[in-house]
file protein-v1.pdb (PDB, C-alpha atoms)
ATOM      1  CA  MET B 648      -6.486  48.703  -7.277
ATOM      2  CA  PRO B 649      -8.379  46.349  -9.647
ATOM      3  CA  ALA B 650     -12.073  45.815  -9.142
ATOM      4  CA  LEU B 651     -13.157  42.531  -7.576
ATOM      5  CA  ALA B 652     -14.846  40.176 -10.003
ATOM      6  CA  PHE B 653     -18.010  38.339  -9.047
ATOM      7  CA  TYR B 654     -18.287  34.733 -10.127
ATOM      8  CA  ALA B 655     -21.710  33.151 -10.098
ATOM      9  CA  SER B 656     -22.069  30.079  -7.918
ATOM     10  CA  PHE B 657     -23.595  26.881  -9.216
ATOM     11  CA  THR B 658     -26.774  27.495  -7.275
ATOM     12  CA  SER B 659     -27.218  31.036  -8.560
ATOM     13  CA  VAL B 660     -27.286  29.887 -12.187
ATOM     14  CA  GLY B 661     -29.463  26.791 -11.762
ATOM     15  CA  TYR B 662     -26.796  24.077 -11.838
ATOM     16  CA  ALA B 663     -27.919  22.704  -8.479
ATOM     17  CA  LYS B 664     -30.833  20.974 -10.199
ATOM     18  CA  GLN B 665     -28.433  19.274 -12.613
ATOM     19  CA  MET B 666     -26.194  18.041  -9.788
ATOM     20  CA  ASP B 667     -28.831  15.836  -8.147
ATOM     21  CA  ARG B 668     -27.258  13.248  -5.849
ATOM     22  CA  ASN B 669     -30.054  10.795  -6.584
ATOM     23  CA  PRO B 670     -30.310  10.637 -10.360
ATOM     24  CA  PRO B 671     -33.243   8.714 -11.819
ATOM     25  CA  ARG B 672     -32.626   5.020 -12.416
ATOM     26  CA  MET B 673     -32.080   3.844 -15.949
ATOM     27  CA  PRO B 674     -35.130   2.038 -17.311
ATOM     28  CA  ILE B 675     -34.823  -1.708 -17.879
ATOM     29  CA  PRO B 676     -34.925  -2.537 -21.597
ATOM     30  CA  PRO B 677     -38.105  -4.497 -22.511
ATOM     31  CA  GLU B 678     -36.067  -7.468 -23.763
ATOM     32  CA  GLN B 679     -34.409  -7.832 -20.316
ATOM     33  CA  ASP B 680     -37.435  -7.127 -18.134
ATOM     34  CA  GLY B 681     -38.418 -10.195 -16.131
ATOM     35  CA  LEU B 682     -35.271 -12.179 -16.968
ATOM     36  CA  PRO B 683     -33.531 -13.895 -14.046
ATOM     37  CA  LEU B 684     -30.252 -12.507 -12.740
ATOM     38  CA  LYS B 685     -27.036 -13.892 -14.181
ATOM     39  CA  PRO B 686     -25.676 -16.853 -12.233
ATOM     40  CA  ARG B 687     -22.424 -16.354 -10.339
ATOM     41  CA  ARG B 688     -19.217 -17.479 -12.005
ATOM     42  CA  THR B 689     -18.317 -19.766  -9.090
ATOM     43  CA  THR B 690     -20.110 -21.364  -6.165
ATOM     44  CA  ARG B 691     -19.803 -19.650  -2.803
ATOM     45  CA  ILE B 692     -19.175 -21.696   0.323
ATOM     46  CA  ALA B 693     -20.274 -20.374   3.722
ATOM     47  CA  VAL B 694     -17.370 -20.432   6.188
ATOM     48  CA  GLU B 695     -18.032 -17.929   9.054
ATOM     49  CA  GLN B 696     -14.350 -17.867  10.122
ATOM     50  CA  PRO B 697     -12.048 -15.135  11.496
ATOM     51  CA  ALA B 698      -9.110 -14.023   9.360
ATOM     52  CA  ARG B 699      -6.514 -11.273   9.096
ATOM     53  CA  MET B 700      -6.510  -8.794   6.265
ATOM     54  CA  ARG B 701      -3.718  -6.378   5.379
ATOM     55  CA  SER B 702      -3.999  -3.291   3.223
ATOM     56  CA  GLN B 703      -1.506  -1.456   1.056
ATOM     57  CA  ALA B 704      -1.227   1.059   3.882
ATOM     58  CA  LEU B 705       0.345  -1.805   5.868
ATOM     59  CA  TYR B 706      -2.282  -1.906   8.586
ATOM     60  CA  GLN B 707      -3.772  -5.212   9.653
ATOM     61  CA  ILE B 708      -7.374  -5.762  10.691
ATOM     62  CA  GLU B 709      -9.400  -8.719  11.882
ATOM     63  CA  VAL B 710     -12.323  -9.692   9.671
ATOM     64  CA  LYS B 711     -14.913 -12.454   9.784
ATOM     65  CA  VAL B 712     -15.090 -14.187   6.423
ATOM     66  CA  ARG B 713     -18.724 -15.064   5.710
ATOM     67  CA  ASP B 714     -18.238 -16.936   2.449
ATOM     68  CA  VAL B 715     -15.505 -17.754  -0.028
ATOM     69  CA  SER B 716     -15.233 -18.942  -3.605
ATOM     70  CA  THR B 717     -12.344 -19.535  -5.955
ATOM     71  CA  CYS B 718     -12.731 -15.944  -7.206
ATOM     72  CA  GLY B 719     -13.480 -13.932  -4.073
ATOM     73  CA  PHE B 720     -14.877 -13.553  -0.576
ATOM     74  CA  MET B 721     -17.421 -11.718   1.535
ATOM     75  CA  ALA B 722     -16.471 -10.585   5.041
ATOM     76  CA  GLU B 723     -17.595  -8.501   7.993
ATOM     77  CA  CYS B 724     -15.172  -5.712   8.804
ATOM     78  CA  ALA B 725     -15.632  -3.013  11.462
ATOM     79  CA  ALA B 726     -13.220  -0.592   9.769
ATOM     80  CA  PRO B 727     -14.034   1.086   6.448
ATOM     81  CA  VAL B 728     -11.920  -0.240   3.572
ATOM     82  CA  PRO B 729     -11.827   1.943   0.449
ATOM     83  CA  ILE B 730     -13.509   0.381  -2.574
ATOM     84  CA  GLY B 731     -10.889  -0.387  -5.201
ATOM     85  CA  SER B 732      -8.072  -0.774  -2.665
ATOM     86  CA  TYR B 733      -5.807  -3.803  -2.753
ATOM     87  CA  VAL B 734      -5.627  -6.066   0.285
ATOM     88  CA  SER B 735      -4.095  -9.372   1.300
ATOM     89  CA  LEU B 736      -6.332 -11.930   3.026
ATOM     90  CA  ASP B 737      -4.740 -14.742   5.062
ATOM     91  CA  VAL B 738      -6.531 -17.917   3.950
ATOM     92  CA  PRO B 739      -5.646 -20.967   6.118
ATOM     93  CA  GLY B 740      -4.036 -23.691   4.019
ATOM     94  CA  VAL B 741      -3.502 -21.325   1.081
ATOM     95  CA  GLY B 742      -1.597 -18.416   2.669
ATOM     96  CA  PRO B 743      -1.864 -14.701   1.884
ATOM     97  CA  VAL B 744      -4.092 -14.082  -1.131
ATOM     98  CA  HIS B 745      -4.098 -10.718  -2.909
ATOM     99  CA  ALA B 746      -7.523  -9.248  -3.607
ATOM    100  CA  GLN B 747      -9.249  -6.022  -4.589
ATOM    101  CA  VAL B 748     -12.117  -4.632  -2.521
ATOM    102  CA  ARG B 749     -15.107  -4.421  -4.864
ATOM    103  CA  TRP B 750     -17.860  -3.215  -2.528
ATOM    104  CA  GLN B 751     -18.635  -2.291   1.068
ATOM    105  CA  ILE B 752     -22.062  -1.700   2.612
ATOM    106  CA  GLY B 753     -21.987  -0.942   6.314
ATOM    107  CA  THR B 754     -19.754  -3.559   7.905
ATOM    108  CA  SER B 755     -20.097  -6.045   5.010
ATOM    109  CA  MET B 756     -17.520  -6.045   2.240
ATOM    110  CA  GLY B 757     -16.652  -8.120  -0.793
ATOM    111  CA  GLY B 758     -13.330  -8.758  -2.475
ATOM    112  CA  MET B 759     -12.210 -10.315  -5.733
ATOM    113  CA  PHE B 760      -9.052 -12.435  -5.690
ATOM    114  CA  LEU B 761      -6.503 -11.225  -8.235
ATOM    115  CA  ASP B 762      -5.644 -14.871  -8.981
ATOM    116  CA  PRO B 763      -8.249 -17.595  -8.357
ATOM    117  CA  ILE B 764      -7.469 -19.908  -5.439
ATOM    118  CA  ASN B 765      -7.812 -23.673  -5.127
ATOM    119  CA  LEU B 766     -10.414 -24.438  -2.461
ATOM    120  CA  VAL B 767      -9.117 -28.004  -2.062
ATOM    121  CA  ARG B 768      -6.125 -26.590  -0.138
ATOM    122  CA  CYS B 769      -8.271 -24.156   1.864
ATOM    123  CA  GLU B 770      -8.739 -25.305   5.479
ATOM    124  CA  TRP B 771     -12.107 -23.515   5.609
ATOM    125  CA  THR B 772     -13.616 -25.602   2.826
ATOM    126  CA  ALA B 773     -11.637 -28.865   2.953
ATOM    127  CA  VAL B 774     -13.694 -31.973   3.638
ATOM    128  CA  LYS B 775     -12.760 -33.331   7.053
ATOM    129  CA  ALA B 776     -11.798 -37.013   7.097
ATOM    130  CA  ASP B 777     -13.772 -39.221   9.446
ATOM    131  CA  PRO B 778     -11.601 -40.700  12.188
ATOM    132  CA  ALA B 779     -11.000 -44.392  11.758
ATOM    133  CA  ILE B 780     -13.345 -46.491  13.808
ATOM    134  CA  PRO B 781     -11.306 -48.778  16.063
ATOM    135  CA  ALA B 782     -11.972 -52.458  15.458
TER     136      ALA B 782
END
call {"tool": "encode", "arguments": {"input": "protein-v1.pdb", "output": "structure tokens"}}
result
Amino acid sequence: MPALAFYASFTSVGYAKQMDRNPPRMPIPPEQDGLPLKPRRTTRIAVEQPARMRSQALYQIEVKVRDVSTCGFMAECAAPVPIGSYVSLDVPGVGPVHAQVRWQIGTSMGGMFLDPINLVRCEWTAVKADPAIPA
């Protein structure tokens, strides 16, 4: 019967120190220190409206869209949605819009539309016409 081999674990050889879950932050280069953040590519419009979102796994969840732009959205979602997953968001007046989940922190999440949308057609952001005043 062959002898059993012993393999050292990461902790027994000191690798645990190298596998720190909280690595030090990268220093800010002096030429960028104090500069303002980059402006967003497009303006966000607050909407605070419910919507349906579907994932590639074919499940559907209710979300509350907090804001929208031509390039993406931010929403509140009770269920965890994997970062990088592809979803379809039902946008009133536009229809289903394909997006990729870019971030999620707690119940807040953000998605980037794969193709920019036209906010003129979006019922959330369309300017409501004033009713005609009877004469």
call {"tool": "axis_aligned_box", "arguments": {"input": "protein-v1.pdb", "around": "segment 760-764 of chain B", "padding_each_side": "6 Å", "output": "lines of an AutoDock Vina configuration file"}}
result
center_x = -7.3
center_y = -15.6
center_z = -7.2
size_x = 15.4
size_y = 20.7
size_z = 15.5
call {"tool": "atom_distance", "arguments": {"input": "protein-v1.pdb", "atom1": "atom CA of Val710 of chain B", "atom2": "atom CA of Gly758 of chain B"}}
result
12.2 Å
call {"tool": "closest_residue", "arguments": {"input": "protein-v1.pdb", "among": "B:Thr717, B:Ser755, B:Thr772, B:Gln696", "to": "Gly740 of chain B", "atoms": "only C-alpha atoms"}}
result
B:Thr772
call {"tool": "residues_around", "arguments": {"input": "protein-v1.pdb", "residues": "segment 759-762 of chain B", "least_positions_apart": "6", "cutoff": "6 Å", "atoms": "only C-alpha atoms", "output": "list in words"}}
result
Cys718, Gly719, His745, Ala746 and Gln747 of chain B
call {"tool": "resolve_selection", "arguments": {"input": "protein-v1.pdb", "expression": "the PyMOL selection byres ((chain B and resi 698) around 7)", "output": "MDAnalysis selection string"}}
result
chainID B and resid 696:697 699:700 709:712 737
call {"tool": "resolve_selection", "arguments": {"input": "protein-v1.pdb", "expression": "the PyMOL selection byres ((chain B and resi 725) around 10)", "output": "PDB file with C-alpha atoms, keeping the file's coordinate frame"}}
result
ATOM      1  CA  ILE B 708      -7.374  -5.762  10.691  1.00  0.00           C
ATOM      2  CA  GLU B 709      -9.400  -8.719  11.882  1.00  0.00           C
ATOM      3  CA  VAL B 710     -12.323  -9.692   9.671  1.00  0.00           C
ATOM      4  CA  LYS B 711     -14.913 -12.454   9.784  1.00  0.00           C
ATOM      5  CA  ALA B 722     -16.471 -10.585   5.041  1.00  0.00           C
ATOM      6  CA  GLU B 723     -17.595  -8.501   7.993  1.00  0.00           C
ATOM      7  CA  CYS B 724     -15.172  -5.712   8.804  1.00  0.00           C
ATOM      8  CA  ALA B 726     -13.220  -0.592   9.769  1.00  0.00           C
ATOM      9  CA  PRO B 727     -14.034   1.086   6.448  1.00  0.00           C
ATOM     10  CA  VAL B 728     -11.920  -0.240   3.572  1.00  0.00           C
ATOM     11  CA  GLY B 753     -21.987  -0.942   6.314  1.00  0.00           C
ATOM     12  CA  THR B 754     -19.754  -3.559   7.905  1.00  0.00           C
ATOM     13  CA  SER B 755     -20.097  -6.045   5.010  1.00  0.00           C
ATOM     14  CA  MET B 756     -17.520  -6.045   2.240  1.00  0.00           C
TER      15      MET B 756
END
call {"tool": "closest_residue", "arguments": {"input": "protein-v1.pdb", "among": "B:Ile764, B:Ile692, B:Ala704, B:Ile752", "to": "Ser732 of chain B", "atoms": "only C-alpha atoms"}}
result
B:Ala704
call {"tool": "atom_distance", "arguments": {"input": "protein-v1.pdb", "atom1": "atom CA of Ala693 of chain B", "atom2": "atom CA of Tyr733 of chain B"}}
result
22.9 Å
call {"tool": "atom_distance", "arguments": {"input": "protein-v1.pdb", "atom1": "atom CA of Arg713 of chain B", "atom2": "atom CA of Ile730 of chain B"}}
result
18.3 Å
call {"tool": "closest_residue", "arguments": {"input": "protein-v1.pdb", "among": "B:Ser735, B:Arg691, B:Trp750, B:Val715", "to": "Glu770 of chain B", "atoms": "all atoms listed in the file"}}
result
B:Val715
call {"tool": "closest_residue", "arguments": {"input": "protein-v1.pdb", "among": "B:Gln707, B:Ser716, B:Gln751, B:Ser702", "to": "Trp771 of chain B", "atoms": "only C-alpha atoms"}}
result
B:Ser716
